[in-house]
Each structure stands twice: as C-alpha cells, then as structure tokens.
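Student: My structure file my_file.cif, mmCIF, C-alpha atoms and all ligand atoms, is below:
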```cif
data_upload
loop_
_atom_site.label_atom_id
_atom_site.label_comp_id
_atom_site.auth_asym_id
_atom_site.auth_seq_id
_atom_site.Cartn_x
_atom_site.Cartn_y
_atom_site.Cartn_z
CA LYS A 14 90.17 -19.46 136.90
CA SER A 15 89.45 -15.81 136.62
CA VAL A 16 86.29 -13.75 136.77
CA ARG A 17 86.34 -13.77 132.96
CA ASP A 18 85.60 -17.50 133.04
CA VAL A 19 82.33 -17.01 134.93
CA ALA A 20 79.55 -17.43 132.40
CA GLU A 21 76.70 -15.58 134.09
CA LEU A 22 77.29 -12.52 136.22
CA THR A 23 74.13 -10.50 135.64
CA GLY A 24 72.26 -10.05 138.90
CA LYS A 25 74.84 -12.10 140.81
CA ARG A 26 76.03 -10.83 144.18
CA VAL A 27 79.82 -10.86 143.96
CA PHE A 28 82.04 -10.52 147.04
CA VAL A 29 85.29 -8.99 145.77
CA ARG A 30 88.26 -9.00 148.14
CA VAL A 31 90.40 -6.02 147.20
CA ASP A 32 93.50 -4.61 148.88
CA PHE A 33 92.53 -1.05 149.76
CA ASN A 34 95.22 -0.95 152.44
CA VAL A 35 96.30 2.47 151.19
CA PRO A 36 98.62 4.96 152.88
CA LEU A 37 96.70 7.71 154.70
CA GLU A 38 97.82 11.05 156.08
CA ASN A 39 95.29 12.99 158.14
CA GLY A 40 92.49 10.94 156.60
CA LYS A 41 93.68 11.61 153.02
CA ILE A 42 94.94 8.90 150.69
CA THR A 43 98.53 9.70 149.67
CA ASP A 44 98.82 6.94 147.03
CA ASP A 45 95.71 5.48 145.38
CA LYS A 46 97.52 2.99 143.13
CA ARG A 47 95.93 0.00 144.86
CA ILE A 48 92.46 1.43 144.24
CA ARG A 49 93.19 2.36 140.62
CA GLU A 50 94.56 -1.10 139.88
CA THR A 51 91.28 -2.77 140.89
CA LEU A 52 89.21 -0.68 138.47
CA PRO A 53 89.38 -3.22 135.61
CA THR A 54 87.80 -5.91 137.79
CA ILE A 55 85.18 -3.61 139.29
CA ASN A 56 84.27 -2.10 135.91
CA TYR A 57 84.08 -5.56 134.35
CA LEU A 58 81.61 -6.64 137.02
CA ILE A 59 79.58 -3.44 136.67
CA GLU A 60 79.40 -3.87 132.90
CA LYS A 61 78.21 -7.45 133.34
CA GLY A 62 75.43 -6.25 135.65
CA ALA A 63 76.74 -7.87 138.82
CA LYS A 64 76.05 -6.52 142.32
CA VAL A 65 79.52 -5.61 143.49
CA ILE A 66 80.36 -6.03 147.20
CA LEU A 67 83.90 -4.91 147.98
CA ALA A 68 85.82 -5.91 151.09
CA SER A 69 89.28 -4.95 152.31
CA HIS A 70 91.39 -4.52 155.39
CA LEU A 71 93.05 -1.20 156.25
CA GLY A 72 95.95 -1.05 158.68
CA ARG A 73 96.21 -3.34 161.67
CA PRO A 74 93.31 -2.52 164.04
CA ASN A 75 93.66 -5.88 165.82
CA GLY A 76 90.03 -6.90 165.76
CA GLN A 77 88.78 -3.55 167.15
CA VAL A 78 86.89 -0.68 165.57
CA VAL A 79 89.41 2.12 165.01
CA GLU A 80 87.72 5.24 163.66
CA GLU A 81 90.69 6.42 161.57
CA LEU A 82 90.82 3.02 159.86
CA ARG A 83 87.36 3.14 158.36
CA HIS A 84 87.20 2.95 154.55
CA THR A 85 85.66 6.43 154.27
CA ALA A 86 88.38 7.95 152.09
CA SER A 87 88.59 4.88 149.82
CA ALA A 88 84.84 4.95 149.17
CA VAL A 89 85.06 8.60 148.08
CA ARG A 90 88.13 8.00 145.92
CA LEU A 91 86.65 4.89 144.31
CA SER A 92 83.46 6.72 143.53
CA GLU A 93 85.47 9.51 141.82
CA LEU A 94 87.46 6.98 139.81
CA LEU A 95 84.41 4.96 138.76
CA GLY A 96 82.33 8.05 138.07
CA LYS A 97 79.40 6.57 139.95
CA PRO A 98 78.18 6.36 143.54
CA VAL A 99 79.75 3.87 145.93
CA THR A 100 77.80 3.07 149.07
CA LYS A 101 79.95 2.59 152.18
CA ALA A 102 78.66 0.20 154.81
CA ASN A 103 79.47 0.88 158.45
CA GLU A 104 80.03 -2.81 159.12
CA ALA A 105 81.27 -5.78 157.12
CA ILE A 106 78.70 -8.36 158.27
CA GLY A 107 75.33 -8.48 159.98
CA GLU A 108 71.74 -7.52 159.36
CA ALA A 109 72.28 -3.92 158.34
CA VAL A 110 74.83 -5.00 155.72
CA GLU A 111 72.57 -7.81 154.53
CA ALA A 112 69.81 -5.26 154.00
CA GLN A 113 72.19 -3.01 152.05
CA VAL A 114 73.16 -5.96 149.86
CA ALA A 115 69.51 -6.85 149.31
CA ALA A 116 68.88 -3.29 148.14
CA LEU A 117 71.63 -3.40 145.48
CA GLU A 118 70.58 -3.06 141.85
CA ASN A 119 72.58 -4.68 139.07
CA GLY A 120 75.82 -2.74 138.57
CA ASP A 121 75.71 -1.10 142.03
CA VAL A 122 78.81 -0.98 144.22
CA LEU A 123 78.91 -1.41 148.00
CA LEU A 124 82.13 -1.11 150.00
CA LEU A 125 82.05 -3.00 153.30
CA GLU A 126 83.77 -1.68 156.41
CA ASN A 127 87.33 -2.70 157.36
CA VAL A 128 87.29 -6.50 157.70
CA ARG A 129 90.00 -6.33 160.36
CA PHE A 130 87.56 -4.69 162.78
CA TYR A 131 86.54 -8.33 163.44
CA PRO A 132 88.93 -10.58 165.42
CA GLY A 133 87.87 -13.55 163.26
CA GLU A 134 89.39 -12.01 160.13
CA GLU A 135 93.03 -12.60 161.00
CA SER A 136 92.34 -15.83 162.91
CA ASN A 137 90.52 -17.06 159.79
CA ASP A 138 87.43 -17.92 161.83
CA PRO A 139 85.07 -20.09 159.73
CA GLU A 140 82.07 -18.35 161.32
CA LEU A 141 83.20 -14.98 160.02
CA ALA A 142 83.95 -16.50 156.61
CA LYS A 143 80.38 -17.87 156.61
CA SER A 144 78.97 -14.44 157.45
CA PHE A 145 80.88 -12.95 154.49
CA ALA A 146 79.82 -15.80 152.21
CA LYS A 147 76.17 -15.28 153.16
CA LEU A 148 76.30 -11.90 151.42
CA ALA A 149 77.19 -13.25 147.98
CA ASP A 150 76.91 -15.91 145.27
CA LEU A 151 80.50 -15.71 144.06
CA PHE A 152 83.90 -14.83 145.57
CA VAL A 153 86.44 -12.91 143.49
CA ASN A 154 89.88 -12.43 145.00
CA ASP A 155 91.58 -9.38 143.54
CA ALA A 156 93.70 -8.65 146.62
CA PHE A 157 97.11 -9.80 145.47
CA GLY A 158 98.63 -7.56 148.17
CA ALA A 159 96.92 -9.63 150.87
CA ALA A 160 97.24 -13.03 149.20
CA HIS A 161 100.01 -14.09 151.61
CA ARG A 162 97.52 -13.83 154.48
CA ALA A 163 95.26 -16.81 155.25
CA HIS A 164 92.42 -14.69 156.61
CA ALA A 165 88.64 -15.14 156.60
CA SER A 166 88.08 -12.74 153.68
CA THR A 167 91.08 -13.94 151.63
CA GLU A 168 91.19 -17.67 152.29
CA GLY A 169 88.30 -18.88 154.45
CA ILE A 170 85.55 -17.60 152.19
CA ALA A 171 87.13 -19.27 149.14
CA HIS A 172 86.27 -22.65 150.62
CA ILE A 173 82.59 -21.77 150.89
CA LEU A 174 81.66 -19.88 147.71
CA PRO A 175 82.65 -20.57 144.11
CA ALA A 176 85.94 -18.69 143.98
CA VAL A 177 87.93 -17.10 141.14
CA SER A 178 90.68 -14.54 140.77
CA GLY A 179 90.11 -10.95 139.72
CA LEU A 180 91.87 -9.30 136.79
CA LEU A 181 94.55 -7.64 138.94
CA MET A 182 95.30 -10.87 140.76
CA GLU A 183 95.54 -12.63 137.41
CA ARG A 184 97.94 -10.03 136.02
CA GLU A 185 100.18 -10.02 139.11
CA LEU A 186 100.50 -13.81 139.06
CA ASP A 187 101.05 -13.84 135.34
CA VAL A 188 103.78 -11.16 135.22
CA LEU A 189 105.63 -12.22 138.37
CA GLY A 190 105.24 -15.90 137.50
CA LYS A 191 106.60 -15.49 133.96
CA ALA A 192 109.50 -13.31 135.13
CA LEU A 193 110.63 -15.78 137.74
CA ASN A 194 109.84 -19.08 136.05
CA ASN A 195 111.06 -18.26 132.60
CA PRO A 196 113.43 -15.32 132.99
CA GLU A 197 115.12 -13.53 130.15
CA ARG A 198 118.88 -13.43 130.75
CA PRO A 199 120.93 -11.82 132.05
CA PHE A 200 118.47 -11.62 134.93
CA THR A 201 119.41 -9.12 137.63
CA ALA A 202 117.78 -9.23 141.05
CA ILE A 203 118.23 -6.15 143.22
CA VAL A 204 117.68 -6.87 146.88
CA GLY A 205 117.73 -3.95 149.29
CA GLY A 206 116.03 -2.97 152.50
CA SER A 207 117.09 -2.64 156.06
CA LYS A 208 117.00 -6.09 157.61
CA VAL A 209 118.86 -9.24 156.54
CA LYS A 210 116.35 -11.49 158.24
CA ASP A 211 113.51 -10.20 156.02
CA LYS A 212 115.47 -10.89 152.85
CA ILE A 213 117.20 -14.24 153.55
CA ALA A 214 114.69 -16.35 151.66
CA VAL A 215 114.60 -14.02 148.66
CA ILE A 216 118.41 -13.81 148.41
CA ASP A 217 118.55 -17.58 148.59
CA LYS A 218 115.96 -17.95 145.84
CA MET A 219 117.61 -15.31 143.64
CA LEU A 220 120.95 -17.11 143.97
CA GLU A 221 119.19 -20.05 142.35
CA ILE A 222 117.41 -18.28 139.52
CA ALA A 223 119.11 -14.92 138.79
CA ASP A 224 122.47 -14.26 137.08
CA ASN A 225 123.33 -11.09 138.99
CA ILE A 226 122.35 -10.40 142.58
CA ILE A 227 122.76 -6.81 143.71
CA ILE A 228 122.74 -6.08 147.44
CA GLY A 229 122.04 -2.66 148.94
CA GLY A 230 120.46 -0.91 151.88
CA GLY A 231 120.87 -1.61 155.56
CA LEU A 232 121.37 -5.29 155.01
CA SER A 233 124.73 -4.59 153.30
CA TYR A 234 126.52 -3.94 156.59
CA THR A 235 126.03 -7.48 157.82
CA PHE A 236 127.93 -8.58 154.69
CA PHE A 237 130.67 -6.00 155.38
CA LYS A 238 131.08 -7.12 158.98
CA ALA A 239 131.08 -10.79 157.93
CA GLN A 240 134.01 -9.94 155.66
CA GLY A 241 135.88 -8.36 158.56
CA HIS A 242 135.25 -4.65 157.86
CA GLU A 243 134.69 -2.06 160.58
CA ILE A 244 131.06 -0.89 160.26
CA GLY A 245 130.87 1.75 162.99
CA LYS A 246 127.30 2.26 164.12
CA SER A 247 125.72 0.80 160.97
CA LEU A 248 122.79 -1.55 161.17
CA VAL A 249 123.91 -5.16 161.62
CA ASP A 250 122.45 -8.56 162.40
CA ASN A 251 125.20 -10.38 164.28
CA SER A 252 123.28 -13.66 164.13
CA LYS A 253 123.50 -13.66 160.32
CA LEU A 254 127.24 -13.16 159.78
CA ASP A 255 127.90 -16.81 158.88
CA LEU A 256 124.90 -16.84 156.58
CA ALA A 257 126.18 -13.72 154.80
CA LEU A 258 129.46 -15.50 154.09
CA GLU A 259 127.58 -18.60 152.95
CA PHE A 260 125.68 -16.48 150.42
CA ILE A 261 128.92 -15.11 149.00
CA GLU A 262 130.39 -18.62 148.83
CA LYS A 263 127.25 -20.05 147.26
CA ALA A 264 127.28 -17.35 144.58
CA LYS A 265 130.89 -18.23 143.73
CA LYS A 266 130.10 -21.92 143.56
CA LEU A 267 127.09 -21.35 141.30
CA GLY A 268 128.99 -18.90 139.10
CA LYS A 269 126.63 -16.02 139.94
CA ASN A 270 127.70 -12.38 140.17
CA PHE A 271 127.03 -11.25 143.72
CA TYR A 272 127.44 -7.49 144.15
CA ILE A 273 127.81 -5.79 147.50
CA PRO A 274 128.51 -2.05 147.72
CA VAL A 275 132.11 -0.91 147.15
CA ASP A 276 131.59 2.53 148.70
CA ILE A 277 128.96 4.05 150.90
CA VAL A 278 127.57 7.28 152.28
CA VAL A 279 128.03 7.50 156.04
CA THR A 280 126.43 9.94 158.45
CA ASP A 281 127.02 11.01 162.03
CA ASP A 282 123.32 11.47 162.65
CA PHE A 283 120.06 10.11 161.24
CA SER A 284 118.70 13.45 159.99
CA ALA A 285 118.58 15.59 156.83
CA ASP A 286 121.06 18.16 158.19
CA ALA A 287 123.58 15.61 159.52
CA ASN A 288 127.19 15.51 158.30
CA THR A 289 127.87 12.95 155.59
CA GLN A 290 130.95 11.61 153.84
CA ILE A 291 131.67 9.02 151.20
CA VAL A 292 133.96 6.19 152.21
CA ASP A 293 135.13 2.86 150.83
CA VAL A 294 133.89 -0.27 152.57
CA ASP A 295 136.97 -0.43 154.77
CA GLY A 296 136.76 3.25 155.74
CA ILE A 297 133.64 3.56 157.95
CA PRO A 298 134.60 5.72 160.95
CA ALA A 299 133.79 4.14 164.34
CA GLU A 300 131.10 6.65 165.38
CA TRP A 301 129.39 6.90 161.97
CA GLU A 302 126.78 4.77 160.26
CA GLY A 303 126.28 3.69 156.66
CA ILE A 304 123.09 5.14 155.21
CA ASP A 305 123.25 4.83 151.39
CA ILE A 306 125.37 3.35 148.61
CA GLY A 307 128.19 5.57 147.32
CA PRO A 308 128.81 6.99 143.80
CA LYS A 309 131.12 4.17 142.60
CA THR A 310 128.52 1.61 143.64
CA ARG A 311 125.77 3.59 141.94
CA GLU A 312 127.71 3.54 138.72
CA LEU A 313 128.54 -0.15 139.00
CA TYR A 314 124.94 -1.12 139.76
CA ALA A 315 123.55 1.10 136.98
CA ASP A 316 125.90 -0.63 134.57
CA VAL A 317 124.75 -4.12 135.57
CA ILE A 318 121.11 -3.00 135.30
CA LYS A 319 121.70 -1.51 131.85
CA ASN A 320 123.22 -4.74 130.58
CA SER A 321 120.36 -6.94 131.77
CA LYS A 322 117.34 -8.35 129.98
CA LEU A 323 115.25 -8.71 133.13
CA VAL A 324 115.47 -6.65 136.31
CA VAL A 325 113.52 -7.47 139.44
CA TRP A 326 113.88 -4.90 142.21
CA ASN A 327 112.84 -5.30 145.83
CA GLY A 328 114.06 -2.95 148.54
CA PRO A 329 115.73 0.49 148.62
CA MET A 330 119.49 1.16 148.64
CA GLY A 331 119.38 3.65 151.50
CA VAL A 332 117.07 5.85 153.54
CA PHE A 333 115.51 7.38 150.42
CA GLU A 334 112.85 9.25 152.37
CA ILE A 335 115.59 11.67 153.55
CA GLU A 336 117.04 13.63 150.60
CA PRO A 337 120.79 13.42 151.36
CA PHE A 338 120.46 9.63 151.75
CA SER A 339 118.28 9.09 148.68
CA HIS A 340 120.84 9.22 145.85
CA GLY A 341 121.58 5.47 145.76
CA THR A 342 117.93 4.48 145.53
CA ARG A 343 117.34 7.23 142.97
CA ALA A 344 120.25 6.01 140.83
CA VAL A 345 118.98 2.43 140.89
CA ALA A 346 115.45 3.62 140.10
CA GLN A 347 116.78 5.77 137.25
CA ALA A 348 118.83 2.92 135.77
CA THR A 349 115.85 0.59 136.10
CA ALA A 350 113.65 3.15 134.35
CA GLU A 351 116.17 3.63 131.52
CA THR A 352 117.30 0.07 130.84
CA SER A 353 115.89 -1.77 127.87
CA ALA A 354 115.37 -4.79 130.14
CA TYR A 355 111.91 -5.84 131.27
CA THR A 356 111.56 -4.30 134.72
CA VAL A 357 109.52 -5.57 137.63
CA ILE A 358 109.25 -3.66 140.89
CA GLY A 359 108.39 -5.94 143.77
CA GLY A 360 106.07 -3.52 145.50
CA GLY A 361 106.35 -1.90 148.92
CA ASP A 362 109.23 0.55 149.46
CA SER A 363 110.72 0.21 145.97
CA ALA A 364 107.35 1.02 144.42
CA ALA A 365 107.08 4.05 146.73
CA ALA A 366 110.60 5.12 145.68
CA ALA A 367 109.84 4.81 141.95
CA GLU A 368 106.71 6.89 142.56
CA LYS A 369 108.57 9.51 144.62
CA PHE A 370 111.21 9.99 141.91
CA GLY A 371 108.56 10.30 139.21
CA LEU A 372 109.82 7.16 137.45
CA ALA A 373 106.91 4.81 138.05
CA ASP A 374 105.53 5.24 134.53
CA GLN A 375 108.81 4.07 133.03
CA MET A 376 108.78 0.69 134.77
CA ASN A 377 107.21 -2.27 132.98
CA PHE A 378 105.39 -3.59 136.02
CA ILE A 379 104.98 -2.41 139.60
CA SER A 380 103.37 -4.94 141.87
CA THR A 381 100.63 -3.84 144.25
CA GLY A 382 101.99 -6.32 146.78
CA GLY A 383 104.57 -5.63 149.46
CA GLY A 384 104.87 -8.72 151.64
CA ALA A 385 102.91 -10.70 149.05
CA SER A 386 105.34 -10.03 146.20
CA LEU A 387 108.27 -10.73 148.49
CA GLU A 388 106.79 -14.11 149.45
CA PHE A 389 106.00 -14.82 145.81
CA MET A 390 109.62 -14.05 144.89
CA GLU A 391 110.75 -16.39 147.66
CA GLY A 392 108.86 -19.14 145.86
CA LYS A 393 106.30 -19.53 148.64
CA VAL A 394 102.73 -20.53 147.94
CA LEU A 395 100.26 -17.78 148.76
CA PRO A 396 97.26 -19.06 150.74
CA GLY A 397 94.84 -16.63 149.07
CA VAL A 398 95.85 -18.04 145.69
CA VAL A 399 95.98 -21.71 146.67
CA ALA A 400 92.44 -21.49 148.06
CA LEU A 401 91.24 -20.38 144.61
CA ASN A 402 92.95 -23.30 142.93
CA ASP A 403 91.52 -25.74 145.46
CA LYS A 404 88.01 -25.02 144.45
C1 LIG A 501 100.29 -4.88 152.54
O1 LIG A 501 100.17 -3.66 152.69
O2 LIG A 501 101.38 -5.43 152.30
C2 LIG A 501 99.06 -5.72 152.54
O3 LIG A 501 97.93 -4.95 152.45
C3 LIG A 501 99.03 -6.63 153.74
O4 LIG A 501 98.98 -5.90 154.93
P1 LIG A 501 99.44 -6.57 156.29
O5 LIG A 501 100.94 -6.70 156.25
O6 LIG A 501 98.96 -5.67 157.39
O7 LIG A 501 98.82 -7.94 156.37
#
```
Let me see the file written as structure tokens.

Tutor:
Amino acid sequence: KSVRDVAELTGKRVFVRVDFNVPLENGKITDDKRIRETLPTINYLIEKGAKVILASHLGRPNGQVVEELRHTASAVRLSELLGKPVTKANEAIGEAVEAQVAALENGDVLLLENVRFYPGEESNDPELAKSFAKLADLFVNDAFGAAHRAHASTEGIAHILPAVSGLLMERELDVLGKALNNPERPFTAIVGGSKVKDKIAVIDKMLEIADNIIIGGGLSYTFFKAQGHEIGKSLVDNSKLDLALEFIEKAKKLGKNFYIPVDIVVTDDFSADANTQIVDVDGIPAEWEGIDIGPKTRELYADVIKNSKLVVWNGPMGVFEIEPFSHGTRAVAQATAETSAYTVIGGGDSAAAAEKFGLADQMNFISTGGGASLEFMEGKVLPGVVALNDK
C-alpha cells in the first residue's frame, strides 16, 4: 500500500524515511537528485495537512556523532526546493525532538538528525525503532535507496507503526519490477563496474531474463584471463576464473548473446596524463593495465543498445571520472540516451555517469538506489519493502 491509500492524513504525525544520503564536497551537496525525487511524497503530505517528520542516514558514521555528517545542507536544500521552512533537529530521538514534534503545525516539516549517529540504527535495535515510532502515527518508507538495509528506521519501525510506501518507493518498485518481470525484447542488460564479486548475482540473473548481456569495466579482465589472454596489470579476481567461464558457457547453452570487450584502452599509469594505447584483447602489454573499452567495442555495444527494446544499465565501462578513460562509458551512455528502447539506469555510478555527460534527462528512468537497485536486479527481496508488505 502506498501513502495514497491512507484515508486520513490531516493532523497525523508521519515519520517518513527518505534517502538523503547525498554526495557532499566541503559541506555542499554536489547532486541533490535524491532530495528532489522525494518532493512528490513530501508535498503530498503537506497538502494533506500532515505533520511531516523526515529521517535519513548520511554516510557511515558507525553509531557516532560525526559533525560533517549532520543533515544541515539537506535541510537548507529541501527548504529551497519546497519553498517553505524546514526545521532541522539536532537529534533523531529523545525529549528535545519529541518537543519539536509536539510543536509542529499541520503541513510543517521537521528533518531529524542522521539516524546512523545511533548504534541501534544499523543493528536494527527494537528500542531505537520504538523511540522513532513514538514520534509518529504512521510510517512512510520513501527510501528506496536504503531498502536493502534492515535497519531500525527502514525495517524495525515498520513492525510497530502502520506502514506504507511513499510515492518514490512506489515508482521505483513499479518501474524496476515491470522492466524485469515483463521485459520488452530484445532486452539488453549492461553490467559494468570494477569487481566481479559485486556483480556475480546480477550477471547470473540477467543470463536468465535478458537476451543480450554486455560486460564492461574492470570485471572484464577476469573474463579475458579465464579465456587465456595476457592481462598485464589489469584488475583481476583469480578466484572467479572458473565462474567467468561458466557464465560464457551458460550463455551459449541458453542461447543468449554474451558480449565481452573486443578491444580495450590500456594505460601505463592510473592518471589523466598517463600514456594510453588501444589494443585487442590478446594485445595487453605485460606492464600495462586495461582501463576502458576500446572503439570497436564501443561501436559494437552501441549497436546492440540501438537494436534493443529495453536497456538496463548498471556499472561503468571504465574509469569515467578520468577524462582519457571515460570514452567507453560516455559511448554507452550516449547510445542508451539515443536508443528508442525503454532505458533504465540502475543507480549508483551509472547514474552519476549519465549526469556527468549531461544525458540524464534523456533516460527513461534513473533509479535513486545504488546497492538497492543492484539487489533488486539480482532478484533479492528488500527488507525495507518486505516489512511494508508484512503489515
Ligand atoms: C546508498 O547510497 O546506496 C544508500 O543510501 C545506502 O547507503 P549504505 O550503502 O551506506 O547503506
């Protein structure tokens, strides 16, 4: 059920878990997408005359108060976006917060302090969940990005208060769910990123449900080595060589197209002014490392993307943060932006890449989740979502 199904919201105290885990540089928010995406839920509650109590984590303070991880910047940004004052609490529970909640008028917004300043948040301590629950009459979970965490403010509280999803949560589950459960074909899954171990489950799942699986990024070199190529100093997971071969075999058996790069950009140093060259997969010099997909691969991948009806992209093709190593990720982002297919960006680094290249607006859907969308794509149940269904 979503917040739209709640009949009476006027005067109700609503504890809304949001994911305001936004990137910060010197105290400034560098990407406010996660805040902007929660506006529909917050505005809905304001319009209905609810008392809105927002809670989120920020970073990983490990149960301690870390000054730089206070929600100060988010409160200011949210207030600008809403065009109304947002009160920021200095704590997330306790008497002072309870008094601030008691002082709320209908339609007011209060942002609690970082919930991860309390050790009980990540350990999902029922006592902390009770202290959160005490503040409100209803729990709304709009933090899709944190739905893979069974924490006190995402999962624990849902067992105490009536609990529903927010509008962002609803949209994320709807779009990702429809794409994966009832995909338009050909369905192309692009899986990049640096580590094989982080992407095993998603590759496995995509082998089941997608038609084309495109591999890129640092994880490619484990596939190269498994196939007997020299990979120089490229990233590799030697414990996953057999698995890499199994994936290739499985794809053949299932009649899926499994693409690994045919050429790559190699570098002699991990920096913007390093020497680079383009080599075929069997041409990586011993002292060099692979850092991006090459031009033939870019063209091949762009072609597959263009001929798809659904594209789901998770993970960059190279070290896109450094300009000379960004061309592969840019090409995939460009093709994904231009294709007539329905395009879903699975959050995290790929979302940041689409944003960096100015292509975000041309994608059909960019998830606010990183780890959460990855786990969703793996077919895992998300504890923050299950707890809502339980109720
Ligand atoms: C994210 O940024 O993916 C979410 O906010 C979850 O953060 P976490 O990985 O620190 O739990």

Student: Measuring atom to atom with all atoms listed in the file, identify which of A:Pro74, A:Pro98, A:Pro396, A:Gly303 is nearest to ligand LIG 501 (chain A).

Tutor: A:Pro74

Student: When you look at A:Phe157 with a cut-off of 10 Å (counting all atoms listed in the file), what residues show up, excluding the ones that are within fewer than 4 positions of it in the same chain? I need them as a PyMOL selection string.

Tutor: chain A and resi 30-32+47+161-162+167+178-179+181-186+380-386+395+397-398

Student: Nearest residue to ligand LIG 501 (chain A) out of A:Phe260, A:Phe338, A:Tyr314, A:Phe33, using all atoms listed in the file?

Tutor: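 So, comparing all the options, the nearest one is A:Phe33.
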
Student: List as a list in words the protein and nucleic acid residues near stretch 239-247 of chain A, meaning an atom at most 10 Å away when all atoms listed in the file are counted, but skip any in the same chain fewer than 5 places from it.

Tutor: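 Result of the neighbour search: Gly231, Leu232, Ser233, Tyr234, Lys253, Leu254, Asp255, Leu256, Ala257, Leu258, Glu259, Ile261, Val279, Thr280, Asp281, Val294, Asp295, Gly296, Ile297, Pro298, Ala299, Glu300, Trp301, Glu302, Gly303 and Ile304 of chain A.
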
Student: What does the structure give for the distance between atom CA of A:Leu22 and atom CA of A:Ala68, in Å to one decimal?

Tutor: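 The value is 18.4 Å.
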
Student: Could you work out how far atom CA of A:Leu387 lies from atom CA of A:Gly158, giving the answer in Å with one decimal?

Tutor: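 Taking atom CA of A:Gly158 as the start and atom CA of A:Leu387 as the end point, the length is 10.2 Å.
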
Student: Please measure the separation of atom CA of A:Gly24 and atom CA of A:Leu94, giving the value in Å to one decimal.

Tutor: 22.8 Å

Student: My list of candidates is A:Pro53, A:Gly361, A:Gly206, A:Gly392. Which is closest to A:Ile222 when distances are computed with only C-alpha atoms?

Tutor: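 Of A:Pro53, A:Gly361, A:Gly206, A:Gly392, the one nearest A:Ile222, counting only C-alpha atoms, is A:Gly392.
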
Student: Env of A:Asp45: 12 Å cut, atoms = all atoms listed in the file, seq-sep filter 2 positions within chain, self excluded. Answer as a list in words.

Tutor: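 So, after excluding close chain neighbours, the residues are Asp32, Phe33, Asn34, Val35, Pro36, Leu37, Lys41, Ile42, Thr43, Arg47, Ile48, Arg49, Glu50, Thr51, Leu52, Ala86, Ser87, Ala88, Val89, Arg90, Leu91, Glu93, Leu94, Ala365, Glu368 and Thr381 of chain A.
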
Student: As a list of chain:residue names, please: the residues near A:Thr342 (cut-off 8 Å, only C-alpha atoms, same-chain neighbours under 5 positions excluded).

Tutor: A:Asp305, A:Pro329, A:Met330, A:Gly331, A:Phe333, A:Ala366

Student: Show me, as a PDB file with C-alpha atoms, keeping the file's coordinate frame, the residues that have an atom within 12 Å of A:Gly268 when counting all atoms listed in the file, minus same-chain residues fewer than 6 positions from it.

Tutor:
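That gives us selection31.pdb:
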```
ATOM      1  CA  LEU A 220     120.950 -17.110 143.970  1.00  0.00           C
ATOM      2  CA  GLU A 221     119.190 -20.050 142.350  1.00  0.00           C
ATOM      3  CA  ILE A 222     117.410 -18.280 139.520  1.00  0.00           C
ATOM      4  CA  ALA A 223     119.110 -14.920 138.790  1.00  0.00           C
ATOM      5  CA  ASP A 224     122.470 -14.260 137.080  1.00  0.00           C
ATOM      6  CA  ASN A 225     123.330 -11.090 138.990  1.00  0.00           C
ATOM      7  CA  ILE A 226     122.350 -10.400 142.580  1.00  0.00           C
ATOM      8  CA  ILE A 261     128.920 -15.110 149.000  1.00  0.00           C
ATOM      9  CA  GLU A 262     130.390 -18.620 148.830  1.00  0.00           C
TER      10      GLU A 262
END
```

Student: Counting only C-alpha atoms, select every polymer residue within 12 Å of (103.7, -3.6, 133.2) as defined in the file's coordinates, and provide the selection as a VMD selection string.

Tutor: chain A and resid 50 181 184 to 185 187 to 189 192 355 to 359 373 to 381

Student: For ligand LIG 501 (chain A), which of A:Leu323, A:Val128, A:Ala400, A:Ala264 is the closest residue, counting all atoms listed in the file?

Tutor: A:Val128

Student: Pick out the closest residue to A:Ser363 from this set: A:Ala315, A:Val204, A:Asp276, A:Ala214. Count all atoms listed in the file.

Tutor: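 With all atoms listed in the file as the atom set, the closest residue is A:Val204.
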
Student: Of the candidates A:Ala159, A:Ala354, A:Ala285, A:Ile318, which shows the shortest atom-to-atom distance to ligand LIG 501 (chain A), using only C-alpha atoms and all ligand atoms?

Tutor: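 The closest residue to ligand LIG 501 (chain A) is A:Ala159.
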